[in-house]
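The next block holds one structure in the form of C-alpha coordinates; read it before the comments.
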Amino acid sequence: MTIRLSDEERQAQSIGEDKLELAAALLHIRGYVVLDNMFQPDRLQTLQEAVGEARKQTGGNNDGNPLSLPAAAPFIDPDIAENPLMLGVIDQIIGADCVLRVIGADIRKPGAAVSSELAIESKPLFPETEHVRLPAHKLHVTIPLMDLNEGSGAPELWPGSHAQPEHIARHYSEAVIRKLAEGSPSVKVNVPAGAVLICDSKLWHRECANESAEEQVSLTLTYQRWWDITSPRLVISEALYSGASARLKRLFRFEALPVRKKAEMGS
(Lines give C-alpha, C1' and ligand atoms only; values in the text may rest on other atoms or scores of the structure.)
Protein backbone atom coordinates (compact mmCIF):
# COMPACT_ATOMS: atom_id res chain seq x y z
CA MET A 1 0.00 0.00 0.00
CA THR A 2 1.28 3.46 -0.93
CA ILE A 3 0.68 6.56 1.16
CA ARG A 4 0.90 9.70 -0.95
CA LEU A 5 1.99 12.85 0.83
CA SER A 6 0.42 16.11 -0.21
CA ASP A 7 2.54 18.91 -1.64
CA GLU A 8 1.77 20.86 1.51
CA GLU A 9 3.05 18.05 3.74
CA ARG A 10 6.22 17.72 1.67
CA GLN A 11 6.91 21.44 1.73
CA ALA A 12 6.19 21.70 5.46
CA GLN A 13 8.16 18.47 6.12
CA SER A 14 5.36 17.31 8.39
CA ILE A 15 3.14 14.27 7.84
CA GLY A 16 -0.49 14.29 8.95
CA GLU A 17 -1.34 12.29 12.09
CA ASP A 18 -3.72 9.99 10.21
CA LYS A 19 -1.10 9.12 7.59
CA LEU A 20 1.59 8.73 10.24
CA GLU A 21 -0.52 6.24 12.16
CA LEU A 22 -1.35 4.30 8.99
CA ALA A 23 2.31 4.18 7.93
CA ALA A 24 3.34 2.83 11.34
CA ALA A 25 0.55 0.24 11.24
CA LEU A 26 1.61 -0.95 7.78
CA LEU A 27 5.21 -1.34 8.91
CA HIS A 28 4.10 -3.21 12.00
CA ILE A 29 1.62 -5.55 10.26
CA ARG A 30 2.90 -5.91 6.69
CA GLY A 31 6.56 -5.12 7.29
CA TYR A 32 6.86 -2.35 4.70
CA VAL A 33 5.36 0.93 3.55
CA VAL A 34 5.81 3.21 0.52
CA LEU A 35 5.66 6.97 1.03
CA ASP A 36 5.12 8.80 -2.26
CA ASN A 37 5.80 12.43 -3.26
CA MET A 38 8.84 12.77 -0.95
CA PHE A 39 11.38 14.18 -3.42
CA GLN A 40 11.31 16.36 -6.53
CA PRO A 41 13.05 15.34 -9.81
CA ASP A 42 15.85 17.90 -9.48
CA ARG A 43 16.76 16.53 -6.05
CA LEU A 44 16.92 12.99 -7.41
CA GLN A 45 19.17 14.19 -10.23
CA THR A 46 21.56 15.74 -7.70
CA LEU A 47 21.70 12.48 -5.76
CA GLN A 48 22.29 10.44 -8.90
CA GLU A 49 25.20 12.66 -9.92
CA ALA A 50 26.68 12.33 -6.43
CA VAL A 51 26.39 8.53 -6.56
CA GLY A 52 28.15 8.63 -9.94
CA GLU A 53 31.03 10.61 -8.45
CA ALA A 54 31.27 8.19 -5.53
CA ARG A 55 31.46 5.27 -7.99
CA LYS A 56 34.40 6.89 -9.75
CA GLN A 57 36.28 6.89 -6.44
CA THR A 58 35.90 3.10 -6.29
CA GLY A 59 36.80 2.45 -9.91
CA GLY A 60 33.22 2.56 -11.15
CA ASN A 61 32.56 -1.17 -10.83
CA ASN A 62 30.72 -2.54 -7.80
CA ASP A 63 30.07 -5.93 -9.50
CA GLY A 64 26.44 -5.94 -8.42
CA ASN A 65 27.30 -5.39 -4.76
CA PRO A 66 25.92 -2.47 -2.74
CA LEU A 67 28.08 0.65 -3.01
CA SER A 68 29.13 2.13 0.33
CA LEU A 69 28.76 5.90 0.36
CA PRO A 70 30.57 8.41 2.59
CA ALA A 71 28.93 10.28 5.43
CA ALA A 72 28.99 13.48 3.40
CA ALA A 73 26.73 15.81 1.43
CA PRO A 74 24.35 15.27 -0.24
CA PHE A 75 23.76 11.83 1.30
CA ILE A 76 23.45 13.15 4.85
CA ASP A 77 21.72 16.44 4.02
CA PRO A 78 18.76 17.35 6.27
CA ASP A 79 16.18 16.19 3.72
CA ILE A 80 17.87 12.78 3.46
CA ALA A 81 19.48 11.44 6.67
CA GLU A 82 17.20 13.33 9.06
CA ASN A 83 14.15 13.81 6.86
CA PRO A 84 11.28 14.56 9.27
CA LEU A 85 8.78 12.72 7.06
CA MET A 86 10.80 9.50 7.10
CA LEU A 87 11.96 9.81 10.70
CA GLY A 88 8.42 10.55 11.80
CA VAL A 89 7.54 7.01 10.72
CA ILE A 90 10.83 5.39 11.76
CA ASP A 91 10.65 6.86 15.26
CA GLN A 92 7.23 5.24 15.71
CA ILE A 93 8.75 1.80 15.11
CA ILE A 94 12.28 1.79 16.59
CA GLY A 95 12.26 4.93 18.73
CA ALA A 96 13.61 8.47 18.45
CA ASP A 97 16.92 7.34 19.98
CA CYS A 98 17.70 5.23 16.89
CA VAL A 99 20.96 5.56 14.96
CA LEU A 100 21.87 5.73 11.27
CA ARG A 101 24.40 2.96 10.58
CA VAL A 102 24.58 2.38 6.81
CA ILE A 103 24.61 4.76 3.82
CA GLY A 104 24.86 3.16 0.41
CA ALA A 105 23.55 2.72 -3.11
CA ASP A 106 21.99 -0.30 -4.79
CA ILE A 107 22.94 -0.37 -8.49
CA ARG A 108 21.37 -2.88 -10.87
CA LYS A 109 22.72 -3.01 -14.37
CA PRO A 110 20.47 -3.46 -17.44
CA GLY A 111 19.62 -7.12 -17.89
CA ALA A 112 20.60 -8.01 -14.33
CA ALA A 113 19.11 -11.42 -13.61
CA VAL A 114 16.51 -12.15 -10.95
CA SER A 115 17.88 -13.59 -7.73
CA SER A 116 16.64 -17.05 -6.80
CA GLU A 117 17.75 -16.55 -3.21
CA LEU A 118 15.27 -15.54 -0.57
CA ALA A 119 16.84 -12.99 1.78
CA ILE A 120 16.18 -12.32 5.45
CA GLU A 121 18.46 -9.52 6.63
CA SER A 122 18.12 -10.10 10.37
CA LYS A 123 18.39 -13.42 12.15
CA PRO A 124 17.08 -14.11 15.69
CA LEU A 125 18.69 -11.95 18.34
CA PHE A 126 18.15 -14.34 21.26
CA PRO A 127 18.11 -18.15 21.00
CA GLU A 128 15.75 -18.38 23.99
CA THR A 129 12.91 -16.57 22.19
CA GLU A 130 11.82 -19.49 20.02
CA HIS A 131 8.13 -18.74 19.96
CA VAL A 132 8.12 -15.00 20.55
CA ARG A 133 7.70 -12.24 18.02
CA LEU A 134 10.14 -9.49 18.88
CA PRO A 135 9.60 -5.88 17.73
CA ALA A 136 11.57 -4.39 14.84
CA HIS A 137 15.14 -3.40 15.59
CA LYS A 138 16.37 -2.38 12.11
CA LEU A 139 14.67 -0.58 9.21
CA HIS A 140 15.92 -0.26 5.63
CA VAL A 141 15.04 2.82 3.57
CA THR A 142 15.23 2.68 -0.23
CA ILE A 143 15.12 5.92 -2.24
CA PRO A 144 14.93 5.07 -5.97
CA LEU A 145 16.51 7.74 -8.16
CA MET A 146 14.28 6.65 -11.05
CA ASP A 147 11.06 4.63 -11.24
CA LEU A 148 11.49 1.22 -9.61
CA ASN A 149 8.91 -1.05 -11.20
CA GLU A 150 8.47 -4.65 -12.33
CA GLY A 151 10.45 -3.96 -15.50
CA SER A 152 13.37 -2.32 -13.72
CA GLY A 153 13.83 -4.60 -10.73
CA ALA A 154 11.06 -3.86 -8.23
CA PRO A 155 11.69 -5.92 -5.08
CA GLU A 156 9.57 -8.98 -4.34
CA LEU A 157 8.34 -8.90 -0.74
CA TRP A 158 6.42 -11.34 1.46
CA PRO A 159 3.98 -9.18 3.48
CA GLY A 160 3.80 -10.16 7.13
CA SER A 161 6.79 -12.51 6.94
CA HIS A 162 8.73 -10.32 9.38
CA ALA A 163 6.21 -11.32 12.07
CA GLN A 164 7.14 -15.00 12.04
CA PRO A 165 8.22 -16.30 15.47
CA GLU A 166 11.94 -15.93 16.05
CA HIS A 167 12.62 -19.66 15.78
CA ILE A 168 11.64 -19.89 12.08
CA ALA A 169 14.96 -18.74 10.62
CA ARG A 170 16.95 -20.68 13.22
CA HIS A 171 14.99 -23.95 13.37
CA TYR A 172 14.45 -24.66 9.66
CA SER A 173 16.94 -24.89 6.80
CA GLU A 174 17.19 -22.27 4.05
CA ALA A 175 15.76 -24.80 1.61
CA VAL A 176 12.65 -25.25 3.73
CA ILE A 177 12.24 -21.50 4.18
CA ARG A 178 12.49 -21.10 0.41
CA LYS A 179 9.74 -23.71 -0.12
CA LEU A 180 7.57 -21.94 2.43
CA ALA A 181 8.05 -18.70 0.51
CA GLU A 182 7.16 -20.34 -2.80
CA GLY A 183 3.83 -21.38 -1.31
CA SER A 184 3.11 -18.01 0.29
CA PRO A 185 1.70 -14.87 -1.38
CA SER A 186 4.26 -12.25 -2.35
CA VAL A 187 4.09 -8.85 -4.03
CA LYS A 188 6.38 -6.93 -6.36
CA VAL A 189 6.38 -3.43 -4.96
CA ASN A 190 6.59 -0.53 -7.39
CA VAL A 191 8.32 2.52 -5.94
CA PRO A 192 8.05 5.55 -8.25
CA ALA A 193 10.79 8.16 -8.46
CA GLY A 194 10.25 10.59 -5.60
CA ALA A 195 8.92 7.92 -3.23
CA VAL A 196 10.66 5.92 -0.51
CA LEU A 197 10.27 2.30 0.60
CA ILE A 198 10.74 1.51 4.30
CA CYS A 199 11.10 -2.18 5.25
CA ASP A 200 11.57 -4.18 8.43
CA SER A 201 14.92 -5.99 8.19
CA LYS A 202 13.24 -9.30 9.03
CA LEU A 203 10.91 -9.13 6.02
CA TRP A 204 11.46 -11.92 3.50
CA HIS A 205 12.46 -10.40 0.18
CA ARG A 206 14.12 -11.08 -3.16
CA GLU A 207 15.61 -8.91 -5.88
CA CYS A 208 13.95 -9.05 -9.30
CA ALA A 209 15.42 -8.70 -12.77
CA ASN A 210 16.18 -5.31 -14.28
CA GLU A 211 14.76 -5.82 -17.76
CA SER A 212 15.05 -2.15 -18.71
CA ALA A 213 17.78 -0.58 -20.84
CA GLU A 214 19.00 1.65 -17.99
CA GLU A 215 20.83 1.15 -14.73
CA GLN A 216 18.53 1.21 -11.72
CA VAL A 217 20.11 3.25 -8.91
CA SER A 218 18.66 3.59 -5.43
CA LEU A 219 20.02 5.33 -2.36
CA THR A 220 19.84 3.07 0.72
CA LEU A 221 19.89 3.96 4.41
CA THR A 222 19.70 1.68 7.44
CA TYR A 223 18.36 2.91 10.78
CA GLN A 224 18.73 0.71 13.87
CA ARG A 225 17.98 0.76 17.55
CA TRP A 226 20.82 2.46 19.40
CA TRP A 227 22.22 -0.77 20.88
CA ASP A 228 22.45 -2.55 17.52
CA ILE A 229 25.85 -1.24 16.38
CA THR A 230 27.59 -4.37 15.07
CA SER A 231 28.23 -3.16 11.50
CA PRO A 232 31.39 -1.18 10.51
CA ARG A 233 31.42 2.39 11.74
CA LEU A 234 30.99 5.38 9.47
CA VAL A 235 33.83 7.93 9.49
CA ILE A 236 32.51 11.33 10.57
CA SER A 237 34.72 14.30 9.68
CA GLU A 238 35.38 17.25 11.98
CA ALA A 239 33.73 19.63 9.51
CA LEU A 240 30.61 17.48 9.26
CA TYR A 241 30.26 16.99 13.00
CA SER A 242 30.78 20.65 13.90
CA GLY A 243 28.07 21.76 11.48
CA ALA A 244 25.61 18.93 12.16
CA SER A 245 22.21 19.42 13.76
CA ALA A 246 21.49 17.94 17.18
CA ARG A 247 19.44 15.15 15.57
CA LEU A 248 22.17 14.25 13.07
CA LYS A 249 24.79 14.16 15.84
CA ARG A 250 22.52 11.81 17.75
CA LEU A 251 22.01 9.59 14.70
CA PHE A 252 25.80 9.34 14.34
CA ARG A 253 26.73 9.17 18.02
CA PHE A 254 28.25 5.67 17.83
CA GLU A 255 30.20 6.19 14.60
CA ALA A 256 33.90 7.03 14.20
CA LEU A 257 33.69 10.57 15.57
CA PRO A 258 36.42 13.23 15.37
CA VAL A 259 39.28 12.84 17.84
CA ARG A 260 38.36 16.09 19.60
CA LYS A 261 34.82 14.89 20.16
CA LYS A 262 36.04 11.53 21.48
CA ALA A 263 38.21 13.39 23.98
CA GLU A 264 35.19 15.40 25.10
CA MET A 265 33.29 12.15 25.65
CA GLY A 266 36.18 10.73 27.69
CA SER A 267 37.04 7.99 25.16
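To be explicit about the labels: the chains of the C-alpha coordinates are called A, B, and onward in the order shown, and within each one the residues are counted from 1, while ligands get numbers from 1 in the order they are shown.
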Open item on the list: Need the shell around stretch 65-68 of chain A: protein/DNA/RNA residues with any atom at most 12 Å away, counting only C-alpha atoms. Skip same-chain ones fewer than 2 positions apart. Format as a ChimeraX atom specification?
Closed with: /A:51-63,70-72,75,101-109,112,217-222,232-235
- Message: Please return, as an MDAnalysis selection string, all residues of stretch 1-250 of chain A that DSSP assigns to strand (DSSP E or B) on the basis of the backbone.
- Response: chainID A and resid 2:4 32:36 67:68 99:108 119 138:144 148 152 156:157 187:188 191 196:200 205:206 210 216:224 235
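Between atom CA of A:Pro192 and atom CA of A:Ala96 the separation is 27.4 Å.
Between atom CA of A:Pro110 and atom CA of A:Ser152 there is a distance of 8.1 Å.
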Task: Near-A:Asp42 list (12 Å; only C-alpha atoms; drop same-chain fewer than 3 positions) as a list in words - done: Phe39, Gln45, Thr46, Leu47, Gln48, Glu49, Leu145, Met146, Ala193 and Gly194 of chain A
Exercise for review: Would you mind listing what lies within 10 Å of stretch 16-33 of chain A as an NGL selection string, with only C-alpha atoms counted and same-chain residues fewer than 4 positions away left out?
Suggested key: :A and (1-6 or 9 or 85-86 or 88-93 or 135-136 or 139-141 or 157-163 or 189 or 196-204)
